[in-house]
$ cat my_file_23.pdb   # PDB, N, CA and C atoms
ATOM      1  N   MET A 895       0.815  -1.177   0.000  1.00  0.00           N
ATOM      2  CA  MET A 895       0.000   0.000   0.000  1.00  0.00           C
ATOM      3  C   MET A 895       0.872   1.259   0.000  1.00  0.00           C
ATOM      4  N   LEU A 896       1.957   1.234   0.744  1.00  0.00           N
ATOM      5  CA  LEU A 896       2.829   2.405   0.762  1.00  0.00           C
ATOM      6  C   LEU A 896       3.433   2.680  -0.614  1.00  0.00           C
ATOM      7  N   ASP A 897       3.796   1.624  -1.332  1.00  0.00           N
ATOM      8  CA  ASP A 897       4.322   1.813  -2.689  1.00  0.00           C
ATOM      9  C   ASP A 897       3.268   2.410  -3.611  1.00  0.00           C
ATOM     10  N   TYR A 898       2.017   1.974  -3.455  1.00  0.00           N
ATOM     11  CA  TYR A 898       0.923   2.518  -4.259  1.00  0.00           C
ATOM     12  C   TYR A 898       0.761   4.016  -3.985  1.00  0.00           C
ATOM     13  N   VAL A 899       0.713   4.387  -2.718  1.00  0.00           N
ATOM     14  CA  VAL A 899       0.543   5.799  -2.351  1.00  0.00           C
ATOM     15  C   VAL A 899       1.716   6.617  -2.879  1.00  0.00           C
ATOM     16  N   ARG A 900       2.916   6.099  -2.721  1.00  0.00           N
ATOM     17  CA  ARG A 900       4.103   6.805  -3.207  1.00  0.00           C
ATOM     18  C   ARG A 900       4.013   7.018  -4.724  1.00  0.00           C
ATOM     19  N   LYS A 901       3.584   6.000  -5.435  1.00  0.00           N
ATOM     20  CA  LYS A 901       3.456   6.096  -6.898  1.00  0.00           C
ATOM     21  C   LYS A 901       2.461   7.193  -7.286  1.00  0.00           C
ATOM     22  N   ILE A 902       1.290   7.174  -6.673  1.00  0.00           N
ATOM     23  CA  ILE A 902       0.259   8.160  -7.011  1.00  0.00           C
ATOM     24  C   ILE A 902       0.704   9.570  -6.613  1.00  0.00           C
ATOM     25  N   LYS A 903       1.384   9.667  -5.502  1.00  0.00           N
ATOM     26  CA  LYS A 903       1.818  10.975  -5.003  1.00  0.00           C
ATOM     27  C   LYS A 903       2.973  11.560  -5.811  1.00  0.00           C
ATOM     28  N   GLU A 904       3.903  10.724  -6.217  1.00  0.00           N
ATOM     29  CA  GLU A 904       5.153  11.242  -6.770  1.00  0.00           C
ATOM     30  C   GLU A 904       5.266  11.224  -8.292  1.00  0.00           C
ATOM     31  N   GLU A 905       4.529  10.355  -8.952  1.00  0.00           N
ATOM     32  CA  GLU A 905       4.633  10.316 -10.412  1.00  0.00           C
ATOM     33  C   GLU A 905       3.701  11.359 -11.024  1.00  0.00           C
ATOM     34  N   GLY A 906       4.270  12.240 -11.810  1.00  0.00           N
ATOM     35  CA  GLY A 906       3.541  13.373 -12.358  1.00  0.00           C
ATOM     36  C   GLY A 906       2.271  13.031 -13.113  1.00  0.00           C
ATOM     37  N   ARG A 907       2.253  11.895 -13.773  1.00  0.00           N
ATOM     38  CA  ARG A 907       1.056  11.558 -14.561  1.00  0.00           C
ATOM     39  C   ARG A 907      -0.168  11.334 -13.688  1.00  0.00           C
ATOM     40  N   TYR A 908       0.043  11.109 -12.388  1.00  0.00           N
ATOM     41  CA  TYR A 908      -1.070  10.873 -11.455  1.00  0.00           C
ATOM     42  C   TYR A 908      -1.427  12.120 -10.644  1.00  0.00           C
ATOM     43  N   TYR A 909      -0.905  13.261 -11.034  1.00  0.00           N
ATOM     44  CA  TYR A 909      -1.124  14.497 -10.273  1.00  0.00           C
ATOM     45  C   TYR A 909      -2.603  14.761 -10.004  1.00  0.00           C
ATOM     46  N   ASN A 910      -3.449  14.650 -11.025  1.00  0.00           N
ATOM     47  CA  ASN A 910      -4.874  14.934 -10.838  1.00  0.00           C
ATOM     48  C   ASN A 910      -5.536  13.943  -9.890  1.00  0.00           C
ATOM     49  N   ALA A 911      -5.062  12.724  -9.891  1.00  0.00           N
ATOM     50  CA  ALA A 911      -5.587  11.751  -8.930  1.00  0.00           C
ATOM     51  C   ALA A 911      -5.174  12.166  -7.519  1.00  0.00           C
ATOM     52  N   TRP A 912      -3.906  12.506  -7.357  1.00  0.00           N
ATOM     53  CA  TRP A 912      -3.407  12.856  -6.026  1.00  0.00           C
ATOM     54  C   TRP A 912      -4.150  14.057  -5.440  1.00  0.00           C
ATOM     55  N   ILE A 913      -4.363  15.088  -6.238  1.00  0.00           N
ATOM     56  CA  ILE A 913      -5.028  16.278  -5.686  1.00  0.00           C
ATOM     57  C   ILE A 913      -6.503  16.025  -5.397  1.00  0.00           C
ATOM     58  N   ASN A 914      -7.060  14.959  -5.938  1.00  0.00           N
ATOM     59  CA  ASN A 914      -8.461  14.608  -5.684  1.00  0.00           C
ATOM     60  C   ASN A 914      -8.602  13.406  -4.760  1.00  0.00           C
ATOM     61  N   ARG A 915      -7.558  13.094  -4.008  1.00  0.00           N
ATOM     62  CA  ARG A 915      -7.574  11.891  -3.168  1.00  0.00           C
ATOM     63  C   ARG A 915      -8.653  11.912  -2.101  1.00  0.00           C
ATOM     64  N   ASP A 916      -9.170  13.069  -1.756  1.00  0.00           N
ATOM     65  CA  ASP A 916     -10.246  13.166  -0.764  1.00  0.00           C
ATOM     66  C   ASP A 916     -11.630  13.157  -1.398  1.00  0.00           C
ATOM     67  N   HIS A 917     -11.683  13.003  -2.700  1.00  0.00           N
ATOM     68  CA  HIS A 917     -12.940  12.987  -3.450  1.00  0.00           C
ATOM     69  C   HIS A 917     -12.952  11.732  -4.332  1.00  0.00           C
ATOM     70  N   PRO A 918     -13.426  10.616  -3.793  1.00  0.00           N
ATOM     71  CA  PRO A 918     -13.303   9.334  -4.491  1.00  0.00           C
ATOM     72  C   PRO A 918     -13.765   9.331  -5.944  1.00  0.00           C
ATOM     73  N   ALA A 919     -14.896   9.930  -6.241  1.00  0.00           N
ATOM     74  CA  ALA A 919     -15.388   9.907  -7.625  1.00  0.00           C
ATOM     75  C   ALA A 919     -14.396  10.590  -8.567  1.00  0.00           C
ATOM     76  N   LEU A 920     -13.874  11.739  -8.163  1.00  0.00           N
ATOM     77  CA  LEU A 920     -12.894  12.455  -8.979  1.00  0.00           C
ATOM     78  C   LEU A 920     -11.566  11.714  -9.035  1.00  0.00           C
ATOM     79  N   TYR A 921     -11.185  11.079  -7.930  1.00  0.00           N
ATOM     80  CA  TYR A 921      -9.956  10.300  -7.863  1.00  0.00           C
ATOM     81  C   TYR A 921      -9.987   9.145  -8.864  1.00  0.00           C
ATOM     82  N   PHE A 922     -11.088   8.381  -8.842  1.00  0.00           N
ATOM     83  CA  PHE A 922     -11.199   7.245  -9.751  1.00  0.00           C
ATOM     84  C   PHE A 922     -11.225   7.701 -11.211  1.00  0.00           C
ATOM     85  N   GLU A 923     -11.893   8.809 -11.459  1.00  0.00           N
ATOM     86  CA  GLU A 923     -11.939   9.349 -12.818  1.00  0.00           C
ATOM     87  C   GLU A 923     -10.539   9.762 -13.282  1.00  0.00           C
ATOM     88  N   ALA A 924      -9.798  10.406 -12.388  1.00  0.00           N
ATOM     89  CA  ALA A 924      -8.445  10.840 -12.727  1.00  0.00           C
ATOM     90  C   ALA A 924      -7.540   9.638 -13.000  1.00  0.00           C
ATOM     91  N   LEU A 925      -7.679   8.578 -12.216  1.00  0.00           N
ATOM     92  CA  LEU A 925      -6.882   7.371 -12.462  1.00  0.00           C
ATOM     93  C   LEU A 925      -7.189   6.798 -13.838  1.00  0.00           C
ATOM     94  N   ARG A 926      -8.463   6.785 -14.195  1.00  0.00           N
ATOM     95  CA  ARG A 926      -8.848   6.289 -15.524  1.00  0.00           C
ATOM     96  C   ARG A 926      -8.246   7.164 -16.616  1.00  0.00           C
ATOM     97  N   ASN A 927      -8.369   8.469 -16.443  1.00  0.00           N
ATOM     98  CA  ASN A 927      -7.893   9.401 -17.470  1.00  0.00           C
ATOM     99  C   ASN A 927      -6.381   9.348 -17.689  1.00  0.00           C
ATOM    100  N   CYS A 928      -5.628   9.024 -16.655  1.00  0.00           N
ATOM    101  CA  CYS A 928      -4.171   8.993 -16.816  1.00  0.00           C
ATOM    102  C   CYS A 928      -3.676   7.616 -17.234  1.00  0.00           C
ATOM    103  N   GLY A 929      -4.590   6.669 -17.401  1.00  0.00           N
ATOM    104  CA  GLY A 929      -4.206   5.352 -17.884  1.00  0.00           C
ATOM    105  C   GLY A 929      -3.707   4.404 -16.819  1.00  0.00           C
ATOM    106  N   TYR A 930      -4.096   4.605 -15.570  1.00  0.00           N
ATOM    107  CA  TYR A 930      -3.611   3.733 -14.491  1.00  0.00           C
ATOM    108  C   TYR A 930      -3.993   2.279 -14.710  1.00  0.00           C
ATOM    109  N   ALA A 931      -5.227   2.015 -15.057  1.00  0.00           N
ATOM    110  CA  ALA A 931      -5.702   0.636 -15.181  1.00  0.00           C
ATOM    111  C   ALA A 931      -5.977   0.294 -16.645  1.00  0.00           C
ATOM    112  N   THR A 932      -5.788  -0.959 -16.992  1.00  0.00           N
ATOM    113  CA  THR A 932      -6.085  -1.396 -18.352  1.00  0.00           C
ATOM    114  C   THR A 932      -7.545  -1.824 -18.499  1.00  0.00           C
ATOM    115  N   ASP A 933      -8.203  -2.047 -17.396  1.00  0.00           N
ATOM    116  CA  ASP A 933      -9.614  -2.456 -17.421  1.00  0.00           C
ATOM    117  C   ASP A 933     -10.477  -1.224 -17.694  1.00  0.00           C
ATOM    118  N   PRO A 934     -11.221  -1.196 -18.793  1.00  0.00           N
ATOM    119  CA  PRO A 934     -12.049  -0.028 -19.094  1.00  0.00           C
ATOM    120  C   PRO A 934     -13.166   0.199 -18.074  1.00  0.00           C
ATOM    121  N   MET A 935     -13.452  -0.800 -17.265  1.00  0.00           N
ATOM    122  CA  MET A 935     -14.498  -0.674 -16.240  1.00  0.00           C
ATOM    123  C   MET A 935     -13.916  -0.375 -14.850  1.00  0.00           C
ATOM    124  N   TYR A 936     -12.616  -0.091 -14.780  1.00  0.00           N
ATOM    125  CA  TYR A 936     -11.937   0.117 -13.500  1.00  0.00           C
ATOM    126  C   TYR A 936     -12.629   1.191 -12.647  1.00  0.00           C
ATOM    127  N   GLU A 937     -12.901   2.328 -13.251  1.00  0.00           N
ATOM    128  CA  GLU A 937     -13.533   3.432 -12.517  1.00  0.00           C
ATOM    129  C   GLU A 937     -14.885   2.999 -11.949  1.00  0.00           C
ATOM    130  N   ASP A 938     -15.710   2.366 -12.762  1.00  0.00           N
ATOM    131  CA  ASP A 938     -17.028   1.910 -12.302  1.00  0.00           C
ATOM    132  C   ASP A 938     -16.906   0.873 -11.194  1.00  0.00           C
ATOM    133  N   LYS A 939     -15.956  -0.026 -11.318  1.00  0.00           N
ATOM    134  CA  LYS A 939     -15.764  -1.054 -10.290  1.00  0.00           C
ATOM    135  C   LYS A 939     -15.350  -0.428  -8.960  1.00  0.00           C
ATOM    136  N   CYS A 940     -14.456   0.542  -9.018  1.00  0.00           N
ATOM    137  CA  CYS A 940     -14.027   1.229  -7.791  1.00  0.00           C
ATOM    138  C   CYS A 940     -15.198   1.965  -7.143  1.00  0.00           C
ATOM    139  N   ARG A 941     -15.985   2.637  -7.951  1.00  0.00           N
ATOM    140  CA  ARG A 941     -17.160   3.345  -7.416  1.00  0.00           C
ATOM    141  C   ARG A 941     -18.141   2.363  -6.777  1.00  0.00           C
ATOM    142  N   ASN A 942     -18.333   1.214  -7.401  1.00  0.00           N
ATOM    143  CA  ASN A 942     -19.246   0.216  -6.840  1.00  0.00           C
ATOM    144  C   ASN A 942     -18.749  -0.310  -5.505  1.00  0.00           C
ATOM    145  N   VAL A 943     -17.450  -0.498  -5.386  1.00  0.00           N
ATOM    146  CA  VAL A 943     -16.896  -0.927  -4.094  1.00  0.00           C
ATOM    147  C   VAL A 943     -17.159   0.148  -3.044  1.00  0.00           C
ATOM    148  N   MET A 944     -16.904   1.397  -3.390  1.00  0.00           N
ATOM    149  CA  MET A 944     -17.134   2.490  -2.437  1.00  0.00           C
ATOM    150  C   MET A 944     -18.607   2.568  -2.026  1.00  0.00           C
ATOM    151  N   ARG A 945     -19.488   2.408  -2.983  1.00  0.00           N
ATOM    152  CA  ARG A 945     -20.935   2.475  -2.674  1.00  0.00           C
ATOM    153  C   ARG A 945     -21.380   1.340  -1.750  1.00  0.00           C
ATOM    154  N   SER A 946     -20.642   0.236  -1.761  1.00  0.00           N
ATOM    155  CA  SER A 946     -21.011  -0.903  -0.923  1.00  0.00           C
ATOM    156  C   SER A 946     -20.602  -0.700   0.539  1.00  0.00           C
ATOM    157  N   LEU A 947     -19.802   0.308   0.803  1.00  0.00           N
ATOM    158  CA  LEU A 947     -19.351   0.563   2.177  1.00  0.00           C
ATOM    159  C   LEU A 947     -20.428   1.315   2.954  1.00  0.00           C
ATOM    160  N   PRO A 948     -20.563   1.022   4.245  1.00  0.00           N
ATOM    161  CA  PRO A 948     -21.640   1.620   5.041  1.00  0.00           C
ATOM    162  C   PRO A 948     -21.595   3.148   5.130  1.00  0.00           C
ATOM    163  N   ASP A 949     -20.406   3.747   5.088  1.00  0.00           N
ATOM    164  CA  ASP A 949     -20.291   5.201   5.265  1.00  0.00           C
ATOM    165  C   ASP A 949     -20.132   5.949   3.943  1.00  0.00           C
ATOM    166  N   TRP A 950     -20.528   5.331   2.841  1.00  0.00           N
ATOM    167  CA  TRP A 950     -20.353   5.941   1.542  1.00  0.00           C
ATOM    168  C   TRP A 950     -21.176   7.211   1.421  1.00  0.00           C
ATOM    169  N   GLY A 951     -20.608   8.205   0.831  1.00  0.00           N
ATOM    170  CA  GLY A 951     -21.315   9.433   0.550  1.00  0.00           C
ATOM    171  C   GLY A 951     -20.638  10.172  -0.573  1.00  0.00           C
ATOM    172  N   GLU A 952     -21.098   9.982  -1.786  1.00  0.00           N
ATOM    173  CA  GLU A 952     -20.444  10.617  -2.939  1.00  0.00           C
ATOM    174  C   GLU A 952     -21.010  11.987  -3.170  1.00  0.00           C
TER     175      GLU A 952
END

$ encode --input "my_file_23.pdb" --output "structure tokens"
Amino acid sequence: MLDYVRKIKEEGRYYNAWINRDHPALYFEALRNCGYATDPMYEDKCRNVMRSLPDWGE
């Protein structure tokens, strides 16, 4: 997990994700836009996981 955070924080291509880390919907969108995941449904899957959590509030 620390390597993941370091990657998102320090690699310039993830800048928009990093600045939106407190806003999950924007964070997931930024990860998709910068090409983080090869799965075209990555953003939707992440949002679905977040929605399944008891304290979700988008």

$ select_by_dssp --input "my_file_23.pdb" --residues "chain A" --states "alpha helix (DSSP H)" --output "ChimeraX atom specification"
/A:896-904,909-913,918-927,936-945

$ residues_around --input "my_file_23.pdb" --residues "stretch 918-931 of chain A" --least-positions-apart "2" --cutoff "8 Å" --atoms "all atoms listed in the file" --output "list of chain:residue names"
A:Arg907, A:Tyr908, A:Tyr909, A:Asn910, A:Ala911, A:Trp912, A:Ile913, A:Asn914, A:Arg915, A:Asp916, A:Asp933, A:Pro934, A:Met935, A:Tyr936, A:Glu937, A:Asp938, A:Cys940, A:Arg941, A:Gly951, A:Glu952

$ axis_aligned_box --input "my_file_23.pdb" --around "stretch 902-916 of chain A" --padding-each-side "5 Å" --output "JSON"
{"center_x": -3.2, "center_y": 11.7, "center_z": -7.7, "size_x": 26.9, "size_y": 19.1, "size_z": 23.8}

$ atom_distance --input "my_file_23.pdb" --atom1 "atom CA of A:Val943" --atom2 "atom C of A:His917"
13.3 Å

$ atom_distance --input "my_file_23.pdb" --atom1 "atom CA of A:Leu947" --atom2 "atom CA of A:Met895"
19.5 Å

$ atom_distance --input "my_file_23.pdb" --atom1 "atom C of A:Lys901" --atom2 "atom CA of A:Thr932"
16.4 Å

$ build_atoms --input "my_file_23.pdb" --residues "stretch 914-925 of chain A" --atoms "all heavy atoms" --output "short mmCIF file (atom, residue, chain, number, x, y, z; two decimals), keeping the file's coordinate frame"
data_model
loop_
_atom_site.label_atom_id
_atom_site.label_comp_id
_atom_site.auth_asym_id
_atom_site.auth_seq_id
_atom_site.Cartn_x
_atom_site.Cartn_y
_atom_site.Cartn_z
N ASN A 914 -7.06 14.96 -5.94
CA ASN A 914 -8.46 14.61 -5.68
C ASN A 914 -8.60 13.41 -4.76
O ASN A 914 -9.66 12.79 -4.70
CB ASN A 914 -9.17 14.33 -7.01
CG ASN A 914 -9.44 15.60 -7.76
OD1 ASN A 914 -10.14 16.49 -7.26
ND2 ASN A 914 -8.87 15.73 -8.94
N ARG A 915 -7.56 13.09 -4.01
CA ARG A 915 -7.57 11.89 -3.17
C ARG A 915 -8.65 11.91 -2.10
O ARG A 915 -9.05 10.87 -1.60
CB ARG A 915 -6.20 11.66 -2.55
CG ARG A 915 -5.76 12.73 -1.58
CD ARG A 915 -4.28 12.56 -1.22
NE ARG A 915 -3.81 13.58 -0.33
CZ ARG A 915 -3.39 14.78 -0.70
NH1 ARG A 915 -3.39 15.10 -1.98
NH2 ARG A 915 -2.96 15.65 0.19
N ASP A 916 -9.17 13.07 -1.76
CA ASP A 916 -10.25 13.17 -0.76
C ASP A 916 -11.63 13.16 -1.40
O ASP A 916 -12.63 13.32 -0.71
CB ASP A 916 -10.08 14.44 0.08
CG ASP A 916 -8.84 14.39 0.96
OD1 ASP A 916 -8.46 13.28 1.39
OD2 ASP A 916 -8.25 15.46 1.21
N HIS A 917 -11.68 13.00 -2.70
CA HIS A 917 -12.94 12.99 -3.45
C HIS A 917 -12.95 11.73 -4.33
O HIS A 917 -12.52 11.79 -5.49
CB HIS A 917 -13.08 14.24 -4.30
CG HIS A 917 -12.90 15.50 -3.52
ND1 HIS A 917 -13.90 16.02 -2.73
CD2 HIS A 917 -11.83 16.31 -3.37
CE1 HIS A 917 -13.45 17.12 -2.13
NE2 HIS A 917 -12.20 17.31 -2.51
N PRO A 918 -13.43 10.62 -3.79
CA PRO A 918 -13.30 9.33 -4.49
C PRO A 918 -13.76 9.33 -5.94
O PRO A 918 -13.07 8.78 -6.81
CB PRO A 918 -14.14 8.38 -3.65
CG PRO A 918 -14.09 8.96 -2.28
CD PRO A 918 -14.07 10.46 -2.50
N ALA A 919 -14.90 9.93 -6.24
CA ALA A 919 -15.39 9.91 -7.62
C ALA A 919 -14.40 10.59 -8.57
O ALA A 919 -14.09 10.08 -9.65
CB ALA A 919 -16.76 10.56 -7.71
N LEU A 920 -13.87 11.74 -8.16
CA LEU A 920 -12.89 12.46 -8.98
C LEU A 920 -11.57 11.71 -9.04
O LEU A 920 -10.89 11.69 -10.07
CB LEU A 920 -12.69 13.87 -8.43
CG LEU A 920 -13.90 14.79 -8.48
CD1 LEU A 920 -13.60 16.10 -7.79
CD2 LEU A 920 -14.36 15.00 -9.91
N TYR A 921 -11.18 11.08 -7.93
CA TYR A 921 -9.96 10.30 -7.86
C TYR A 921 -9.99 9.14 -8.86
O TYR A 921 -9.06 8.96 -9.65
CB TYR A 921 -9.77 9.78 -6.44
CG TYR A 921 -8.55 8.92 -6.25
CD1 TYR A 921 -7.30 9.50 -6.10
CD2 TYR A 921 -8.66 7.54 -6.20
CE1 TYR A 921 -6.18 8.72 -5.93
CE2 TYR A 921 -7.54 6.75 -6.03
CZ TYR A 921 -6.30 7.35 -5.88
OH TYR A 921 -5.20 6.57 -5.71
N PHE A 922 -11.09 8.38 -8.84
CA PHE A 922 -11.20 7.24 -9.75
C PHE A 922 -11.22 7.70 -11.21
O PHE A 922 -10.63 7.07 -12.08
CB PHE A 922 -12.45 6.41 -9.44
CG PHE A 922 -12.46 5.82 -8.06
CD1 PHE A 922 -13.63 5.79 -7.33
CD2 PHE A 922 -11.31 5.31 -7.49
CE1 PHE A 922 -13.65 5.25 -6.06
CE2 PHE A 922 -11.31 4.76 -6.21
CZ PHE A 922 -12.49 4.73 -5.49
N GLU A 923 -11.89 8.81 -11.46
CA GLU A 923 -11.94 9.35 -12.82
C GLU A 923 -10.54 9.76 -13.28
O GLU A 923 -10.13 9.48 -14.40
CB GLU A 923 -12.88 10.54 -12.88
CG GLU A 923 -12.98 11.18 -14.24
CD GLU A 923 -13.89 12.39 -14.27
OE1 GLU A 923 -14.46 12.77 -13.23
OE2 GLU A 923 -14.03 12.96 -15.36
N ALA A 924 -9.80 10.41 -12.39
CA ALA A 924 -8.44 10.84 -12.73
C ALA A 924 -7.54 9.64 -13.00
O ALA A 924 -6.71 9.67 -13.92
CB ALA A 924 -7.87 11.70 -11.61
N LEU A 925 -7.68 8.58 -12.22
CA LEU A 925 -6.88 7.37 -12.46
C LEU A 925 -7.19 6.80 -13.84
O LEU A 925 -6.29 6.38 -14.57
CB LEU A 925 -7.14 6.32 -11.39
CG LEU A 925 -6.50 6.54 -10.03
CD1 LEU A 925 -6.87 5.41 -9.08
CD2 LEU A 925 -5.00 6.69 -10.13
#
